[in-house]
Amino acid sequence: MIDFEYARASDVADAVRRIASDPTAKFIAGGTNLIDLMKGNVERPSRLIDISRLPLKTVEKTAAGGVVIGALVPNSDLSYHPLIEQQYPLLASAIRAGASQQLRNMASTGGNLLQRTRCYYFYDTATPCNKREPGSGCSAIKGLNRMHAILGTSDACIATHPSDMCVGLAALEAKVHVMGPGGERTIVFEDFHRLPGETPHLDTNLHPDEIVTTIELPARGFATNYTYLKIRDRLSYAFALVSVAAALELDGGTITEARLALGGVAHKPWRDPAAEAALRGQAGDQTSFARAADLLLRDAKRFAHNAFKIDLARRAIVRALTQAAQGTPQSQSDKKIR
Amino acid sequence: MVSRIPVTLVVNGIETQLEVTPWTTLLDALRDHLHLTGTKKGCDHGQCGACTVLIDGRRVNSCLTLTVMKDGAEVTTIEGLATDGALHPLQQAFIDHDAFQCGYCTPGQICSAAGLLAEGKARTEDEIRELMSGNICRCGAYPNIVAAIHQAMGAMGSAS
Amino acid sequence: MAPTIGTPTSRVDGHAKVTGEARYAAEFDAPGLAYGSIVGSTIAKGRIARIDASEALRVQGVIDVLTHLNRPHMAEGGGADEDPYRDDVAPEGSPFRPLYDDRIVFSGQPVALVLAETWEAARYAASQVRVDYDEEPHVTDLHRRRDDAVALRERTKVRGDADTAFAAAEVRHAGEYFIAMEHHNPMELFASTVIWDGDGKLTVYDKTQGVQNVQCYLCGVFEMKPEDVRVVSPFVGGAFGSGLRPQYSVALAVMAARALQRSVRLVLTRRQMYTLGYRPGTIERVALGAKADGTLEAVTHEAIGMTSQFEDFARNDTTWSGTLYRSATAKYDHKLARLDVSTPCDMRAPGAATGVYALECAMDELAVALKLDPLELRYRNYSDRDQNEDMPFTSKKLRECYRQGAEAFGWSKRDPQPRAMRDGSELVGWGMATGVWEALQMKTAVRILLTANGHAEVACATSDIGTGTYTIMAQVAADMLGLPLDSISVKLGDSTLPHSPVEGGSWTAASVSNAIASTAKAIRTELLQLAQKMPQSPLAGATPDDVALVDGRIVSKQDAARAVPIADAMRHAAVDRIEQETSADFDEDDGYARNTHSAIFAEVKVDEQLGVIRVTRVVSAVAAGRILNTKTAKSQIMGSVVGGIGMALHEETLIDHDLGRIMNADIAEYHVPVNADVHEIEVIFVDEPDDIVNPLGIKGVGEIGIVGVAAAIANAIYHATGKRVRDLPITLDKLQG
């Protein structure tokens, strides 16, 4: 990491102008992932445009009863914000399941959306990796792939998206507002991250000259029946093997609305409309939960070391839906899974 | 010629002028430029917490912080916790509870714990454990670290 | 003044460590310091075809790029008996020589060293060095080489005919266990700051467990005189064995300083730390045969460990059953699989941590087969003699460890049936295991300088890697000299100090303490002589053994009224300082076995559906002779238990065998326990007086705490789930199905 220039953007328009004029430039806000990758020569921007001082740091109610979150709100602040804790405790919980408090203090909301995979091979420049060096091959497919994807993989890449927060945002159907040289546009969360396909070097559908300005949450917060259940190799400060964001609305014992998003299993937070539809109108019981899990995992594909994830995901989905239905969300500090 | 950028930091209460390259992390600036070697480099990638310092009162990993981005910030390191020679309650509690062995993660643990106390989010032992999990102690002093933080919470009147 | 030995005394270096004043190897400064950054090979085996450093040399601030083609002169080495690259604790073979020639023997091996005015410029330029290789096929997979493993020279006598006895036994258990390759991952990165003192003289601040070992190595490799190389290491940020041998980094830093004739700092990256030594992945097969009442009749223990192609590293994995249990027959076998990897090295309780894991899991499985309580099985086979050597122990209070540990844990309330105990959604498991280690001691010298103002300086070239050496040295000296703790200053970690072996094997506390005692006796003798020269000396006619140093006075043991203040004796003789240096040499050929022992009881809670494992409670009862400092010793055991939790549940270095390369070379994907993984740990020290092991009865506690912990946890997981996982680490996927 050396040989880049540094510039500070004065406002959002200035930031867009600067990035548009230099295709090898990158924005930096929290830097928790970018600096890490730059030290290993995985990312090699010629210029860093510091957006950390832009006025995108508020969390505000929208007229529609939702919330709009500035892209530069630190993850920790977001998780403790009263609006989030009260209306979207699923998001608060998902954020607290990720990284460490120090990293959450640094990382921005927008940056969290853009963090890159933790695939070993992506990080080691001595090995082939299509995501890092397009066309060089995927080492993980035939290599060490215990942590890798089981859904939405391609012959070019089986990496997973590492964020916990994004799994919560996916379940809540957030929208991402971005600004580019052509003005503003909105990307629904579902379309924000990509599957690897033949272009695994592209993680998202954000254009290189665009900046994330805000993330908007619709009014529906699922504050009563939700959970974020993260399964990992140690009890904190590790990336998910499988994580599940589950959110339900219930009328008596009947599910009227269901959201289910998975982390650690795909190149993006994984949602499946069929699985959610299968829950609606059903009793909130083990049978319907198991059916939804089976639906969601119907096309799951195993590799040499990650076959366990399919069964683990199935069980985690059922457990998370049970926690959500009972209104007993998983604590992120008491590690007993209730 | 490598461009150097002037930066002003308030380090442990003292206004400090620096000229750094864009790629100088706060950790390297503290250790190599300011010779404040109390802040430790354990991984340089945000995976261990040994480099934890407080910026404007919040705990962060200084290894992933670019110095140029923190122009004007207040930085508190382990060297700045004691006042007039009297140890910070956390420092004393770490000694009392033998909350370290080799001492290398200790400055980061103590700065992290100071951040934790300021946040006011940890009440139970489980919450302390979880919110201190960003600081790895390979000597395995964790139970003593939790006990020390408990003691300091009492001493500072922030227990509830 | 009350004695400090045996009390919970706070660390004397605690203030330095909590204030950031303690300085580690990378934290010493010098004018004109240059910074190094290492380029590592990307292949596991072959030759360097070409190195192009031209881009790197163009990076602003780069001074030079050293490779095997342009490096300064180094000794030849290469396997001769007097190989200068062999250090005090080198295994058999021909040590790795950095930047020596074009040969690549492990992935990540240093192939170039970039030197620059700043660390960042060096790091960046290192990424610009282009290396082409002529690659050769490699093998890095232990399992692929297990059938080609070579036998070690026989270590122990075989007792009887274990094969026949096993075949005839009423109840048998045989199982194969696997312990994954692990890296020490001390928090401090390996670092060396070499100060160019002029005229070729060097002061080397190094992260090491043996300053004199490093000094000797550097003198050999660079053909330097001992007086021209001083190695200093006042604080070491953890090591766990990784600092026993000199690392290639210190050789490269010295090479660079000599090439540039200026001071150089070289710090490894965390990724590069994985190219150093490690706990070897080991396959262990244990077969136990017993009578129906549990009496052991046959023990077979076979190990296959990994090593490099150039050194045969092995420690005793297989004979521990003979230290713990009675068995008429036993057979041990140890083989090494030579792979295209770097050489393993000692890691906390080398051999025992792995071998006893297998043995103690096998004992648990035998207990299940016998329908016998696992603790009862240990009692029934308890041995008061070392079975391998047929010798008594200097002391063995293992029975007390079992008793006190079981009581503190509540073992008697255990339902023997697996899956019988639960806590809501979690299955609860209770497991136990035995730990054992050696009580070693090595010749060590200590110098004491006593000044008339009542202050003493105690000096020895040993290390404190977090073990508390500073503190116990101060305690022993304070008690032996009759001075308050704060009147003692301790010097260690400097090659110019009196001789010490590397700090390892748990031998430091015993070795240094007894050396302090013998030196203190020399001081006492000299003081008595001075006191007896005083007119009407109350100590006239007394011998050194008749007096003690107490509260700043030389006092008759028979009559406390007969005493002379130390200061008066020195002042009368016009002596303002007394200096003595002696060595403690240990004659161990006395027909005794010397060991520490422990009993570990662990509780796990396992989520029945998801397999998430939590270690909720551990009791470790340890018999390790005299405990010098109950506070720091307790921390040592507690930390070892945490290490054992990592070994049981988390730690595994992952090699991509196609690439021959370690892939989780960081501490995000190589998991060690974090705070949330650790709950209640109770440490009990069982009283174990021992006047045979050494004059002070000290056995050491650095290793014993980790031995058996992984087995106790694995056994608890079996008890919770009914599923026996023999491969470490026990990650949740292994509980599936």
# chains A, B, ... in the order shown; residues from 1 in each chain; ligands from 1

$ residues_around --residues "Gly111 (chain A)" --least-positions-apart "2" --cutoff "9 Å" --atoms "only C-alpha atoms" --output "number ranges by chain"
A: 28-33, 71-72, 107-109, 113-115, 212

$ select_by_dssp --residues "chain B" --states "strand (DSSP E)" --output "mmCIF file with C-alpha atoms, in the first residue's frame"
data_model
loop_
_atom_site.group_PDB
_atom_site.id
_atom_site.type_symbol
_atom_site.label_atom_id
_atom_site.label_comp_id
_atom_site.auth_asym_id
_atom_site.auth_seq_id
_atom_site.Cartn_x
_atom_site.Cartn_y
_atom_site.Cartn_z
ATOM 1 C CA ILE B 5 0.337 16.273 4.156
ATOM 2 C CA PRO B 6 0.281 18.373 7.304
ATOM 3 C CA VAL B 7 -2.006 16.996 9.976
ATOM 4 C CA THR B 8 -2.838 18.274 13.428
ATOM 5 C CA LEU B 9 -3.814 15.791 16.096
ATOM 6 C CA VAL B 10 -4.443 16.314 19.771
ATOM 7 C CA VAL B 11 -2.575 13.334 21.155
ATOM 8 C CA ILE B 14 -1.168 17.764 23.451
ATOM 9 C CA GLU B 15 -1.646 19.431 20.089
ATOM 10 C CA THR B 16 0.752 17.728 17.727
ATOM 11 C CA GLN B 17 1.742 18.694 14.183
ATOM 12 C CA LEU B 18 2.694 15.936 11.793
ATOM 13 C CA GLU B 19 3.570 15.643 8.146
ATOM 14 C CA VAL B 20 2.512 12.270 6.858
ATOM 15 C CA THR B 52 -6.978 0.016 19.844
ATOM 16 C CA VAL B 53 -6.927 3.729 20.712
ATOM 17 C CA LEU B 54 -9.650 6.248 21.424
ATOM 18 C CA ILE B 55 -10.434 8.806 18.745
ATOM 19 C CA ARG B 58 -14.457 6.197 20.735
ATOM 20 C CA ARG B 59 -12.416 3.031 20.503
ATOM 21 C CA VAL B 60 -11.107 2.210 17.042
ATOM 22 C CA ASN B 61 -8.432 0.067 15.384
ATOM 23 C CA GLU B 74 -8.355 13.937 19.658
ATOM 24 C CA VAL B 75 -6.420 10.715 20.085
ATOM 25 C CA THR B 76 -5.974 9.000 23.427
#

$ residues_around --residues "Arg185 (chain A)" --least-positions-apart "6" --cutoff "12 Å" --atoms "only C-alpha atoms" --output "list in words"
Lys175, Val176, His177, Val178, Met179, Phe192, Asn205, Leu206, His207, Glu210, Ile211, Val212, Thr213, Thr214 and Ile215 of chain A

$ residues_around --residues "Arg145 (chain C)" --least-positions-apart "2" --cutoff "10 Å" --atoms "only C-alpha atoms" --output "number ranges by chain"
C: 139-143, 147-150, 304, 306, 336-339

$ write_last_selection --atoms "N, CA and C atoms" --output "PDB file, in the first residue's frame"
ATOM      1  N   VAL C 139       4.679 -32.126  -1.863  1.00  0.00           N
ATOM      2  CA  VAL C 139       3.659 -32.815  -1.052  1.00  0.00           C
ATOM      3  C   VAL C 139       3.603 -32.109   0.297  1.00  0.00           C
ATOM      4  N   THR C 140       2.428 -31.666   0.679  1.00  0.00           N
ATOM      5  CA  THR C 140       2.288 -30.998   1.978  1.00  0.00           C
ATOM      6  C   THR C 140       1.254 -31.693   2.857  1.00  0.00           C
ATOM      7  N   ASP C 141       0.697 -32.786   2.371  1.00  0.00           N
ATOM      8  CA  ASP C 141      -0.402 -33.444   3.081  1.00  0.00           C
ATOM      9  C   ASP C 141       0.114 -34.622   3.916  1.00  0.00           C
ATOM     10  N   LEU C 142       0.005 -34.485   5.216  1.00  0.00           N
ATOM     11  CA  LEU C 142       0.454 -35.537   6.130  1.00  0.00           C
ATOM     12  C   LEU C 142      -0.201 -36.880   5.798  1.00  0.00           C
ATOM     13  N   HIS C 143      -1.486 -36.836   5.526  1.00  0.00           N
ATOM     14  CA  HIS C 143      -2.198 -38.097   5.273  1.00  0.00           C
ATOM     15  C   HIS C 143      -1.687 -38.792   4.012  1.00  0.00           C
ATOM     16  N   ASP C 147       2.098 -43.359   4.968  1.00  0.00           N
ATOM     17  CA  ASP C 147       2.679 -44.678   4.764  1.00  0.00           C
ATOM     18  C   ASP C 147       4.173 -44.627   4.460  1.00  0.00           C
ATOM     19  N   ASP C 148       4.666 -43.461   4.095  1.00  0.00           N
ATOM     20  CA  ASP C 148       6.106 -43.312   3.828  1.00  0.00           C
ATOM     21  C   ASP C 148       6.841 -42.721   5.018  1.00  0.00           C
ATOM     22  N   ALA C 149       6.136 -42.576   6.145  1.00  0.00           N
ATOM     23  CA  ALA C 149       6.769 -41.920   7.298  1.00  0.00           C
ATOM     24  C   ALA C 149       7.952 -42.746   7.791  1.00  0.00           C
ATOM     25  N   VAL C 150       8.974 -42.040   8.258  1.00  0.00           N
ATOM     26  CA  VAL C 150      10.188 -42.722   8.703  1.00  0.00           C
ATOM     27  C   VAL C 150      10.184 -42.844  10.225  1.00  0.00           C
ATOM     28  N   ILE C 304       2.266 -40.407  14.176  1.00  0.00           N
ATOM     29  CA  ILE C 304       2.911 -39.984  12.925  1.00  0.00           C
ATOM     30  C   ILE C 304       2.772 -38.469  12.856  1.00  0.00           C
ATOM     31  N   MET C 306       4.152 -34.542  11.329  1.00  0.00           N
ATOM     32  CA  MET C 306       4.713 -33.934  10.127  1.00  0.00           C
ATOM     33  C   MET C 306       6.011 -33.215  10.460  1.00  0.00           C
ATOM     34  N   LEU C 336       7.828 -39.985  11.390  1.00  0.00           N
ATOM     35  CA  LEU C 336       7.738 -38.633  10.843  1.00  0.00           C
ATOM     36  C   LEU C 336       7.474 -38.686   9.352  1.00  0.00           C
ATOM     37  N   ALA C 337       6.529 -37.881   8.927  1.00  0.00           N
ATOM     38  CA  ALA C 337       6.259 -37.722   7.497  1.00  0.00           C
ATOM     39  C   ALA C 337       6.950 -36.445   7.037  1.00  0.00           C
ATOM     40  N   ARG C 338       7.904 -36.582   6.136  1.00  0.00           N
ATOM     41  CA  ARG C 338       8.661 -35.411   5.664  1.00  0.00           C
ATOM     42  C   ARG C 338       7.898 -34.758   4.512  1.00  0.00           C
ATOM     43  N   LEU C 339       7.593 -33.490   4.713  1.00  0.00           N
ATOM     44  CA  LEU C 339       6.758 -32.761   3.755  1.00  0.00           C
ATOM     45  C   LEU C 339       7.473 -31.485   3.302  1.00  0.00           C
TER      46      LEU C 339
END

$ closest_atom_pairs --of "chain A" --to "chain B" --cutoff "8 Å" --atoms "only C-alpha atoms" --output "Markdown table"
| residue | atom | partner | partner_atom | distance |
| --- | --- | --- | --- | --- |
| A:Met1 | CA | B:Trp23 | CA | 6.9 |
| A:Ile2 | CA | B:Trp23 | CA | 5.9 |
| A:Asp3 | CA | B:Trp23 | CA | 7.9 |
| A:Phe4 | CA | B:Pro22 | CA | 7.2 |
| A:Glu5 | CA | B:Pro22 | CA | 6.7 |
| A:Tyr6 | CA | B:Pro22 | CA | 5.9 |
| A:Gly30 | CA | B:Thr65 | CA | 7.8 |
| A:Gly31 | CA | B:Leu64 | CA | 6.4 |
| A:Thr32 | CA | B:Leu64 | CA | 5.6 |
| A:Ile35 | CA | B:Leu64 | CA | 5.8 |
| A:Asp36 | CA | B:His45 | CA | 5.3 |
| A:Asp50 | CA | B:Met69 | CA | 7.1 |
| A:Ser52 | CA | B:Met69 | CA | 7.8 |
| A:Ala99 | CA | B:Gly134 | CA | 7.5 |
| A:Ser100 | CA | B:Gly134 | CA | 4.6 |
| A:Gln101 | CA | B:Leu131 | CA | 6.2 |
| A:Gln102 | CA | B:Val60 | CA | 4.4 |
| A:Leu103 | CA | B:Val60 | CA | 6.4 |
| A:Asn105 | CA | B:Val60 | CA | 6.4 |
| A:Met106 | CA | B:Val60 | CA | 6.3 |
| A:Ser236 | CA | B:Ser133 | CA | 6.4 |
| A:Tyr237 | CA | B:Ser133 | CA | 6.4 |
| A:Gln332 | CA | B:Glu130 | CA | 7.7 |
| A:Ser333 | CA | B:Glu127 | CA | 5.2 |
| A:Asp334 | CA | B:Asp126 | CA | 5.7 |

$ write_last_selection --atoms "N, CA and C atoms" --output "CSV table (one decimal), in the first residue's frame"
chain,number,residue,atom,x,y,z
A,1,MET,N,0.8,-1.2,0.0
A,1,MET,CA,0.0,0.0,0.0
A,1,MET,C,0.9,1.2,0.0
A,2,ILE,N,0.9,1.9,-1.1
A,2,ILE,CA,1.6,3.2,-1.2
A,2,ILE,C,1.2,3.8,-2.5
A,3,ASP,N,1.7,5.0,-2.8
A,3,ASP,CA,1.6,5.5,-4.1
A,3,ASP,C,0.1,5.8,-4.5
A,4,PHE,N,-0.7,6.3,-3.5
A,4,PHE,CA,-2.0,6.8,-3.9
A,4,PHE,C,-2.1,8.2,-3.5
A,5,GLU,N,-2.9,8.9,-4.1
A,5,GLU,CA,-3.1,10.3,-3.7
A,5,GLU,C,-4.4,10.4,-2.8
A,6,TYR,N,-4.4,11.5,-2.1
A,6,TYR,CA,-5.5,11.6,-1.1
A,6,TYR,C,-6.2,12.9,-1.4
A,30,GLY,N,-15.0,4.6,6.4
A,30,GLY,CA,-14.5,3.9,7.6
A,30,GLY,C,-13.1,3.3,7.3
A,31,GLY,N,-13.0,2.7,6.1
A,31,GLY,CA,-11.7,2.1,5.7
A,31,GLY,C,-11.4,0.8,6.2
A,32,THR,N,-12.3,0.2,7.0
A,32,THR,CA,-12.0,-1.0,7.7
A,32,THR,C,-11.7,-2.2,6.8
A,35,ILE,N,-8.6,-0.5,3.6
A,35,ILE,CA,-7.2,-0.4,4.0
A,35,ILE,C,-6.6,-1.8,4.2
A,36,ASP,N,-7.4,-2.7,4.8
A,36,ASP,CA,-7.0,-4.1,5.0
A,36,ASP,C,-6.6,-4.7,3.6
A,50,ASP,N,-11.7,10.9,0.3
A,50,ASP,CA,-12.2,10.8,1.6
A,50,ASP,C,-13.6,11.4,1.7
A,52,SER,N,-15.5,10.8,4.4
A,52,SER,CA,-15.9,10.6,5.8
A,52,SER,C,-16.5,11.9,6.5
A,99,ALA,N,-18.3,-8.3,13.3
A,99,ALA,CA,-17.1,-7.7,13.6
A,99,ALA,C,-16.9,-7.5,15.1
A,100,SER,N,-16.2,-6.4,15.4
A,100,SER,CA,-16.0,-6.0,16.9
A,100,SER,C,-16.5,-4.6,17.1
A,101,GLN,N,-16.6,-4.2,18.3
A,101,GLN,CA,-17.1,-2.9,18.6
A,101,GLN,C,-16.2,-1.8,18.0
A,102,GLN,N,-14.9,-2.0,18.0
A,102,GLN,CA,-14.0,-1.1,17.4
A,102,GLN,C,-14.3,-0.9,15.9
A,103,LEU,N,-14.4,-2.0,15.3
A,103,LEU,CA,-14.7,-2.0,13.8
A,103,LEU,C,-16.1,-1.4,13.5
A,105,ASN,N,-17.4,0.9,15.3
A,105,ASN,CA,-17.3,2.3,15.5
A,105,ASN,C,-16.7,3.0,14.3
A,106,MET,N,-16.0,2.3,13.5
A,106,MET,CA,-15.3,2.9,12.4
A,106,MET,C,-16.1,2.8,11.1
A,236,SER,N,-17.7,-15.2,19.0
A,236,SER,CA,-17.8,-13.8,18.6
A,236,SER,C,-16.7,-13.5,17.6
A,237,TYR,N,-16.8,-12.4,16.9
A,237,TYR,CA,-15.6,-11.9,16.1
A,237,TYR,C,-15.2,-12.9,15.1
A,332,GLN,N,-27.2,-11.2,21.3
A,332,GLN,CA,-25.9,-11.3,20.7
A,332,GLN,C,-24.8,-11.3,21.8
A,333,SER,N,-25.2,-11.2,23.1
A,333,SER,CA,-24.2,-11.3,24.1
A,333,SER,C,-24.3,-12.6,24.9
A,334,ASP,N,-25.5,-13.0,25.2
A,334,ASP,CA,-25.7,-14.4,25.9
A,334,ASP,C,-25.7,-15.4,24.7

$ interface_residues --of "chain C" --to "chain B" --cutoff "8 Å" --atoms "only C-alpha atoms" --output "number ranges by chain"
C: 10-11, 14-15, 17-23, 27, 60, 120, 185-189, 235-238, 269-270, 464-468, 631-632, 635-636, 638-643, 666-668, 672-676, 678-681

$ closest_residue --among "A:Leu297, A:Ala92, A:Ala261, A:Leu241" --to "Asp733 (chain C)" --atoms "only C-alpha atoms"
A:Leu241

$ residues_around --residues "Glu581 (chain C)" --least-positions-apart "4" --cutoff "12 Å" --atoms "only C-alpha atoms" --output "list of chain:residue names"
C:Thr444, C:Ala445, C:Val446, C:Arg447, C:Ile448, C:Leu449, C:Leu450, C:Glu457, C:Val458, C:Ala459, C:Cys460, C:Leu497, C:Pro498, C:His499, C:Ala515, C:Ile516, C:Ala517, C:Ser518, C:Thr519, C:Ala520, C:Lys521, C:Ala522, C:Ile523

$ write_last_selection --atoms "C-alpha atoms" --output "PDB file, in the first residue's frame"
ATOM      1  CA  THR C 444      21.588 -21.561  35.016  1.00  0.00           C
ATOM      2  CA  ALA C 445      23.750 -18.796  36.479  1.00  0.00           C
ATOM      3  CA  VAL C 446      22.607 -15.820  38.520  1.00  0.00           C
ATOM      4  CA  ARG C 447      24.490 -12.755  39.659  1.00  0.00           C
ATOM      5  CA  ILE C 448      23.433 -10.733  42.654  1.00  0.00           C
ATOM      6  CA  LEU C 449      24.753  -7.296  43.398  1.00  0.00           C
ATOM      7  CA  LEU C 450      23.953  -6.113  46.912  1.00  0.00           C
ATOM      8  CA  GLU C 457      20.043  -6.385  41.636  1.00  0.00           C
ATOM      9  CA  VAL C 458      19.444  -9.918  40.414  1.00  0.00           C
ATOM     10  CA  ALA C 459      20.624 -10.749  36.917  1.00  0.00           C
ATOM     11  CA  CYS C 460      20.292 -13.696  34.568  1.00  0.00           C
ATOM     12  CA  LEU C 497      24.084 -11.373  31.676  1.00  0.00           C
ATOM     13  CA  PRO C 498      25.020 -14.652  33.411  1.00  0.00           C
ATOM     14  CA  HIS C 499      24.336 -17.796  31.438  1.00  0.00           C
ATOM     15  CA  ALA C 515      20.394 -20.378  41.121  1.00  0.00           C
ATOM     16  CA  ILE C 516      19.187 -17.322  43.019  1.00  0.00           C
ATOM     17  CA  ALA C 517      19.174 -19.375  46.221  1.00  0.00           C
ATOM     18  CA  SER C 518      22.727 -20.567  45.692  1.00  0.00           C
ATOM     19  CA  THR C 519      23.934 -17.079  44.833  1.00  0.00           C
ATOM     20  CA  ALA C 520      22.105 -15.640  47.827  1.00  0.00           C
ATOM     21  CA  LYS C 521      23.906 -18.181  49.951  1.00  0.00           C
ATOM     22  CA  ALA C 522      27.234 -16.925  48.596  1.00  0.00           C
ATOM     23  CA  ILE C 523      26.164 -13.388  49.480  1.00  0.00           C
TER      24      ILE C 523
END

$ residues_around --residues "region 270-274 of chain A" --least-positions-apart "6" --cutoff "9 Å" --atoms "only C-alpha atoms" --output "JSON list (two decimals) with N, CA and C atoms, in the first residue's frame"
[["chain", "number", "residue", "atom", "x", "y", "z"],
["A", 151, "LEU", "N", -25.35, -21.52, -2.47],
["A", 151, "LEU", "CA", -26.46, -21.04, -3.30],
["A", 151, "LEU", "C", -25.95, -19.98, -4.27],
["A", 152, "GLY", "N", -26.46, -20.04, -5.49],
["A", 152, "GLY", "CA", -26.16, -18.98, -6.46],
["A", 152, "GLY", "C", -24.71, -18.96, -6.92],
["A", 167, "VAL", "N", -27.66, -8.64, 5.69],
["A", 167, "VAL", "CA", -28.67, -9.70, 5.78],
["A", 167, "VAL", "C", -29.93, -9.13, 6.44],
["A", 170, "ALA", "N", -31.58, -6.79, 3.95],
["A", 170, "ALA", "CA", -32.28, -7.54, 2.91],
["A", 170, "ALA", "C", -33.65, -7.98, 3.41],
["A", 171, "ALA", "N", -33.68, -8.49, 4.64],
["A", 171, "ALA", "CA", -34.95, -8.97, 5.19],
["A", 171, "ALA", "C", -35.94, -7.82, 5.35],
["A", 190, "GLU", "N", -32.52, -5.99, -2.91],
["A", 190, "GLU", "CA", -32.45, -7.24, -3.66],
["A", 190, "GLU", "C", -31.53, -7.15, -4.87],
["A", 259, "ARG", "N", -40.39, -12.76, 6.31],
["A", 259, "ARG", "CA", -39.13, -12.39, 5.63],
["A", 259, "ARG", "C", -38.04, -13.32, 6.14],
["A", 260, "LEU", "N", -37.23, -13.74, 5.22],
["A", 260, "LEU", "CA", -36.18, -14.69, 5.55],
["A", 260, "LEU", "C", -34.97, -14.34, 4.69],
["A", 261, "ALA", "N", -33.86, -14.01, 5.32],
["A", 261, "ALA", "CA", -32.64, -13.73, 4.55],
["A", 261, "ALA", "C", -31.49, -14.47, 5.20],
["A", 262, "LEU", "N", -30.61, -14.99, 4.35],
["A", 262, "LEU", "CA", -29.48, -15.78, 4.86],
["A", 262, "LEU", "C", -28.14, -15.11, 4.53],
["A", 263, "GLY", "N", -27.23, -15.22, 5.46],
["A", 263, "GLY", "CA", -25.86, -14.79, 5.23],
["A", 263, "GLY", "C", -24.94, -15.99, 5.24],
["A", 264, "GLY", "N", -23.77, -15.81, 4.65],
["A", 264, "GLY", "CA", -22.74, -16.86, 4.69],
["A", 264, "GLY", "C", -22.98, -18.00, 3.72],
["A", 292, "ALA", "N", -40.46, -24.28, 4.44],
["A", 292, "ALA", "CA", -39.83, -23.06, 3.91],
["A", 292, "ALA", "C", -38.32, -23.26, 3.76],
["A", 295, "LEU", "N", -37.59, -25.42, 0.79],
["A", 295, "LEU", "CA", -37.79, -24.65, -0.44],
["A", 295, "LEU", "C", -36.59, -23.75, -0.71],
["A", 296, "LEU", "N", -36.19, -23.04, 0.32],
["A", 296, "LEU", "CA", -35.10, -22.08, 0.14],
["A", 296, "LEU", "C", -33.81, -22.80, -0.28]]

$ select_by_dssp --residues "region 15-68 of chain B" --states "helix (DSSP H, G or I)" --output "NGL selection string"
:B and (26-33 or 62-64 or 67-68)

$ write_last_selection --atoms "C-alpha atoms" --output "CSV table (one decimal), in the first residue's frame"
chain,number,residue,atom,x,y,z
B,26,LEU,CA,-2.5,6.2,12.7
B,27,LEU,CA,-0.8,3.2,14.2
B,28,ASP,CA,2.4,3.7,12.3
B,29,ALA,CA,2.2,7.5,13.0
B,30,LEU,CA,2.0,6.9,16.7
B,31,ARG,CA,4.7,4.3,16.8
B,32,ASP,CA,7.2,5.5,14.2
B,33,HIS,CA,6.6,9.2,14.1
B,62,SER,CA,-5.6,2.5,14.6
B,63,CYS,CA,-4.1,0.1,12.1
B,64,LEU,CA,-7.0,0.6,9.7
B,67,THR,CA,-3.8,9.6,9.7
B,68,VAL,CA,-4.7,12.2,7.1

$ interface_residues --of "chain A" --to "chain C" --cutoff "10 Å" --atoms "only C-alpha atoms" --output "PyMOL selection string"
chain A and resi 1-3+39-41+99+118-121+123-127+139-140+142-144+146-147+231-239+305-309+311-316+318-319+333-338
